[in-house]
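Input: a single structure, listed below in structure tokens.
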Amino acid sequence: MLLIKTSNNDMMYILKRTKITLAFVTRYVYYKTIMISREMDRIQNKTLHKRSLIKPGSREDRFLERQFGSTLFTYGQIFAMLLPLILDQFFINLIGLLTTAMISSSSQESVSAVSLVSPVYMMIFAIFNAISVGGTIIVAQYKGRGNEEKIRAAAGQVMLATASVAIISCIILVTFASSLVHLMFGAANPIVIGKARNYLIGVAISQIFLSFYMGAFAVFRGMGEAKICLRLTIIINLIHLLASMLFLNVMHLDIFGTSLSLNIARLVGGVIAIWQLMRPGSIMRVSPRHIFKIDWSILKSVFKYGIPFALEQIFFNGGSMLVQTYIVQLGTISVAANAVTNSAFSIVYSAGLAVGTLATTVVGQCIGAGDKALARRYGAKMIYLGTVFVLLSIAVMLPLMPVILKLYQAPDETLSIIYKLLFTAIIPMPFFWAISNIMPCVLRSAGDSTFSSVFSLTTMWVVRVGLGYVFAIQLGFGVQGVWICMGIEWAVRALVYYLRYRSDVWLSKNTIT
């Protein structure tokens, strides 16, 4: 498909033509989301008051309360927070899969452009995610301490930090978009270069709207309000999906339609996120003074926890890009198989990532309450819970993989490699994945952020990048060698994180003031 050029008049016509449609879509998604959240309220209330399938006083009820109940939480509250987090992760991965499939139907140049820009964008996104994690930890600790004014102040400072980073990064990316794309991908097709530049500009602008959404996410997750996070996720991703269908499949706007749908979805999500934080009936009731009055002590704590994680994520993505460079040497089929396997495998570990997010909230609140023994106990319980959900995910998703992989329309030769890679990852997953991926969340929530990030980076570059090259290229295992080394990396991380958890070092870090 040829690149469609649009003049200013054409642009105005397109926007007028879609105004009514988008307004209808936004209202439809919003009210559907409210209906879903009300249904979740009903389910959660049943859980919290134990009027569900588990009878009060039954053996199951006593077992769950003994395993997950405490002076801070009932097991009903734990699972009421976990369910929306699981749905949130699954929904994000599912919508990402569908939108990727729609982009691929537009043109090969568009797919290439998005693929080229993605590593650059992911490095910027890592900074937002790191600030969000730091904000979640701070809010969770103040929640555990019961200091409502500090919670509001922390919420405002998180919003200020994310918005500031977004504005600065947007200005840099928009100003140097052409130079950056030509510097990194100058050997690519000129059409791909043009589309990559336009997409990078569109993504950079959308970061400003995304910053409001990410900041609110951090606050609500720290408070344990996972239901609100799920509502925001449903809104932003459904609008993105429906707008993409309109702009790509109906109006055929190509890469411009992809950028436009992303900006509209994030704009609506950002506005609703701010409204949720500041409206009179909100659990937060954040005011402008909480946002615009700088509190250096809180900002210092947010960046203290966030910067090590940001550096970890940036260098992690850099390592992933380096791995891609030697996978390219293995041929197009290996590159495609690796990309599809990564996308499909993300659905398998979605529930495990949700448990990691829950661990940040739960353990962080225990630390804020000054109960280190309870923080240690819940750290172990989160690993146990993560392992259970990993096993359930494998049992449920593995039989569905043939259906999922059909969406990618991969040839038989590629499919055989994909299945080989999936089984290479799934075999060690029940033994090592939970502790190697959830335990860092436990350690960070107590302030042990630097150790977690430094060690994660070390194993990433030594095992997955370095040893992966030896296995894949020198020993001739091909792309499967990279995935074998990923399993080895999980095992090494699991051992070291377990030893760190058994010590008292992670509980001796300075937290909030």
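By order of appearance in the structure tokens: chains A, B, ..., then residues from 1 within every chain, and ligands from 1 in the order shown.
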#### Entry: Long-range neighbours of stretch 424-438 of chain A as a count of residues only, 6 Å cut-off, only C-alpha atoms, 5 positions minimum in chain
8
### Query
Contacts of A:Val271 at 12 Å or less, counting only C-alpha atoms, minus same-chain residues fewer than 2 places along, as a ChimeraX atom specification?
/A:208-216,232,235-236,264-269,273-279
Export, as a short mmCIF file (atom, residue, chain, number, x, y, z; two decimals), in the first residue's frame, the selected residues with N, CA, C and O atoms.
data_model
loop_
_atom_site.label_atom_id
_atom_site.label_comp_id
_atom_site.auth_asym_id
_atom_site.auth_seq_id
_atom_site.Cartn_x
_atom_site.Cartn_y
_atom_site.Cartn_z
N ILE A 208 3.03 12.62 26.32
CA ILE A 208 2.53 13.61 27.27
C ILE A 208 1.21 13.12 27.87
O ILE A 208 1.00 13.19 29.08
N PHE A 209 0.33 12.60 27.03
CA PHE A 209 -0.94 12.07 27.53
C PHE A 209 -0.72 10.79 28.33
O PHE A 209 -1.37 10.56 29.35
N LEU A 210 0.26 9.97 27.88
CA LEU A 210 0.56 8.73 28.59
C LEU A 210 1.07 9.01 30.00
O LEU A 210 0.81 8.22 30.92
N SER A 211 1.79 10.12 30.18
CA SER A 211 2.36 10.41 31.49
C SER A 211 1.29 10.58 32.56
O SER A 211 1.47 10.17 33.71
N PHE A 212 0.14 11.18 32.20
CA PHE A 212 -0.96 11.31 33.17
C PHE A 212 -1.50 9.94 33.55
O PHE A 212 -1.78 9.67 34.73
N TYR A 213 -1.63 9.09 32.56
CA TYR A 213 -2.14 7.74 32.76
C TYR A 213 -1.19 6.92 33.64
O TYR A 213 -1.60 6.25 34.58
N MET A 214 0.13 6.99 33.32
CA MET A 214 1.11 6.21 34.09
C MET A 214 1.23 6.71 35.52
O MET A 214 1.39 5.92 36.45
N GLY A 215 1.18 8.04 35.70
CA GLY A 215 1.24 8.59 37.05
C GLY A 215 0.07 8.14 37.90
O GLY A 215 0.23 7.75 39.07
N ALA A 216 -1.13 8.19 37.32
CA ALA A 216 -2.32 7.75 38.05
C ALA A 216 -2.25 6.26 38.36
O ALA A 216 -2.64 5.81 39.45
N LEU A 232 -9.12 1.96 33.69
CA LEU A 232 -8.34 2.83 32.81
C LEU A 232 -7.73 2.05 31.65
O LEU A 232 -7.69 2.52 30.51
N ILE A 235 -10.40 1.30 29.03
CA ILE A 235 -10.75 2.49 28.26
C ILE A 235 -9.70 2.79 27.21
O ILE A 235 -10.00 2.92 26.02
N ILE A 236 -8.43 2.90 27.63
CA ILE A 236 -7.39 3.34 26.72
C ILE A 236 -7.11 2.32 25.62
O ILE A 236 -6.90 2.67 24.46
N ILE A 264 -5.27 9.62 20.41
CA ILE A 264 -6.65 9.78 20.88
C ILE A 264 -6.89 8.91 22.11
O ILE A 264 -7.47 9.36 23.11
N ALA A 265 -6.45 7.66 22.05
CA ALA A 265 -6.66 6.74 23.17
C ALA A 265 -5.96 7.24 24.43
O ALA A 265 -6.53 7.23 25.52
N ARG A 266 -4.72 7.69 24.28
CA ARG A 266 -3.97 8.15 25.45
C ARG A 266 -4.49 9.47 25.97
O ARG A 266 -4.43 9.73 27.18
N LEU A 267 -4.99 10.32 25.08
CA LEU A 267 -5.59 11.58 25.52
C LEU A 267 -6.81 11.33 26.39
O LEU A 267 -6.95 11.88 27.49
N VAL A 268 -7.70 10.47 25.91
CA VAL A 268 -8.91 10.15 26.68
C VAL A 268 -8.54 9.47 27.99
O VAL A 268 -9.06 9.82 29.06
N GLY A 269 -7.62 8.50 27.94
CA GLY A 269 -7.19 7.82 29.15
C GLY A 269 -6.54 8.76 30.15
O GLY A 269 -6.78 8.67 31.36
N ALA A 273 -7.88 9.68 33.84
CA ALA A 273 -6.99 9.39 34.97
C ALA A 273 -6.88 10.59 35.91
O ALA A 273 -6.98 10.45 37.14
N ILE A 274 -6.71 11.78 35.33
CA ILE A 274 -6.63 12.99 36.16
C ILE A 274 -7.95 13.22 36.88
O ILE A 274 -7.98 13.58 38.07
N TRP A 275 -9.04 13.01 36.18
CA TRP A 275 -10.37 13.19 36.79
C TRP A 275 -10.57 12.23 37.96
O TRP A 275 -11.11 12.60 39.01
N GLN A 276 -10.10 11.00 37.80
CA GLN A 276 -10.22 10.01 38.88
C GLN A 276 -9.42 10.43 40.11
O GLN A 276 -9.81 10.16 41.25
N LEU A 277 -8.28 11.09 39.90
CA LEU A 277 -7.46 11.52 41.03
C LEU A 277 -8.02 12.76 41.73
O LEU A 277 -7.92 12.88 42.95
N MET A 278 -8.62 13.68 40.96
CA MET A 278 -8.93 15.00 41.51
C MET A 278 -10.42 15.25 41.75
O MET A 278 -10.76 16.26 42.38
N ARG A 279 -11.30 14.36 41.29
CA ARG A 279 -12.73 14.61 41.47
C ARG A 279 -13.09 14.59 42.96
O ARG A 279 -12.44 13.90 43.76
#
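Put simply, atom CA of A:Ala472 is 13.9 Å away from atom CA of A:Ile488.
Nearest-residue note for A:Phe91: choosing from A:Ile171, A:Leu299, A:Leu400, A:Cys229, the minimum distance belongs to A:Cys229, counting only C-alpha atoms.
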### Query
Can you list, as JSON, numbers by chain, every protein, DNA or RNA residue that comes within 8 Å of A:Tyr199 when you count only C-alpha atoms, leaving out same-chain residues fewer than 6 positions away?
{"A": [113, 114, 117, 255, 256, 258, 259]}
Can you write out the residues you just picked, keeping N, CA and C atoms, as a compact mmCIF listing (two decimals), in the first residue's frame?
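The resulting part.txt:
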# COMPACT_ATOMS: atom_id res chain seq x y z
N ALA A 113 8.53 0.09 9.85
CA ALA A 113 8.68 1.38 10.52
C ALA A 113 8.37 1.28 12.01
N VAL A 114 7.27 0.63 12.34
CA VAL A 114 6.90 0.46 13.74
C VAL A 114 7.94 -0.39 14.47
N VAL A 117 11.08 1.73 15.22
CA VAL A 117 10.88 2.77 16.24
C VAL A 117 10.68 2.16 17.62
N ILE A 255 0.24 4.71 8.46
CA ILE A 255 1.00 5.00 9.67
C ILE A 255 0.45 6.22 10.40
N PHE A 256 -0.14 7.16 9.65
CA PHE A 256 -0.77 8.31 10.30
C PHE A 256 -1.95 7.86 11.15
N THR A 258 -2.27 4.96 12.62
CA THR A 258 -1.74 4.30 13.81
C THR A 258 -1.37 5.31 14.88
N SER A 259 -0.67 6.39 14.48
CA SER A 259 -0.29 7.44 15.43
C SER A 259 -1.50 8.17 15.98
### Who sits within 8 Å of stretch 319-334 of chain A, only C-alpha atoms, same chain under 3 positions skipped, as a ChimeraX atom specification
/A:119,315-316,337-338,413-414,417,460-461,465,468-469,472-473,478-479
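The residue set within 12 Å of A:Leu415, counting only C-alpha atoms and dropping same-chain residues fewer than 6 places from it, reads Ile333, Ser334, Ala336, Ala337, Asn338, Ala339, Val340, Thr341, Ala344, Met401, Pro402, Ile404, Leu405, Lys406, Leu407, Tyr408, Gln409, Leu421 and Leu422 of chain A.
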### Task
For A:Tyr501, please output as a PyMOL selection string all residues within 8 Å (counting only C-alpha atoms; exclusion window: fewer than 6 positions along the same chain).
chain A and resi 376+439+443
Write a file of the selected residues as a PDB file, in the first residue's frame, keeping all heavy atoms.
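Written file, out.pdb:
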ATOM      1  N   ARG A 376       8.304  -9.943  55.132  1.00  0.00           N
ATOM      2  CA  ARG A 376       9.003 -11.168  54.755  1.00  0.00           C
ATOM      3  C   ARG A 376       8.018 -12.294  54.451  1.00  0.00           C
ATOM      4  O   ARG A 376       8.177 -13.038  53.470  1.00  0.00           O
ATOM      5  CB  ARG A 376       9.960 -11.586  55.873  1.00  0.00           C
ATOM      6  CG  ARG A 376      10.692 -12.890  55.601  1.00  0.00           C
ATOM      7  CD  ARG A 376      11.515 -13.308  56.806  1.00  0.00           C
ATOM      8  NE  ARG A 376      12.659 -12.434  56.999  1.00  0.00           N
ATOM      9  CZ  ARG A 376      13.793 -12.558  56.323  1.00  0.00           C
ATOM     10  NH1 ARG A 376      13.933 -13.505  55.425  1.00  0.00           N
ATOM     11  NH2 ARG A 376      14.799 -11.742  56.562  1.00  0.00           N
ATOM     12  N   MET A 439      10.462 -11.825  42.904  1.00  0.00           N
ATOM     13  CA  MET A 439      11.283 -11.438  44.052  1.00  0.00           C
ATOM     14  C   MET A 439      11.912 -10.048  43.904  1.00  0.00           C
ATOM     15  O   MET A 439      11.998  -9.315  44.900  1.00  0.00           O
ATOM     16  CB  MET A 439      12.369 -12.488  44.302  1.00  0.00           C
ATOM     17  CG  MET A 439      13.153 -12.263  45.586  1.00  0.00           C
ATOM     18  SD  MET A 439      12.088 -12.217  47.058  1.00  0.00           S
ATOM     19  CE  MET A 439      11.774 -13.976  47.293  1.00  0.00           C
ATOM     20  N   LEU A 443      11.844  -7.069  46.788  1.00  0.00           N
ATOM     21  CA  LEU A 443      13.023  -6.357  47.301  1.00  0.00           C
ATOM     22  C   LEU A 443      12.897  -4.852  47.081  1.00  0.00           C
ATOM     23  O   LEU A 443      13.215  -4.054  47.973  1.00  0.00           O
ATOM     24  CB  LEU A 443      14.285  -6.891  46.619  1.00  0.00           C
ATOM     25  CG  LEU A 443      14.581  -8.394  46.781  1.00  0.00           C
ATOM     26  CD1 LEU A 443      15.874  -8.763  46.062  1.00  0.00           C
ATOM     27  CD2 LEU A 443      14.661  -8.786  48.252  1.00  0.00           C
TER      28      LEU A 443
END
### Task
Would you please work out which residue, of A:Gly364, A:Gly76, A:Gly57, A:Gly222, is nearest to A:Arg444 when using only C-alpha atoms?
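Residue with the minimum atom-to-atom distance to A:Arg444: A:Gly364.
We find atom CA of A:Val355 and atom CA of A:Ser206 to be spaced 28.4 Å apart.
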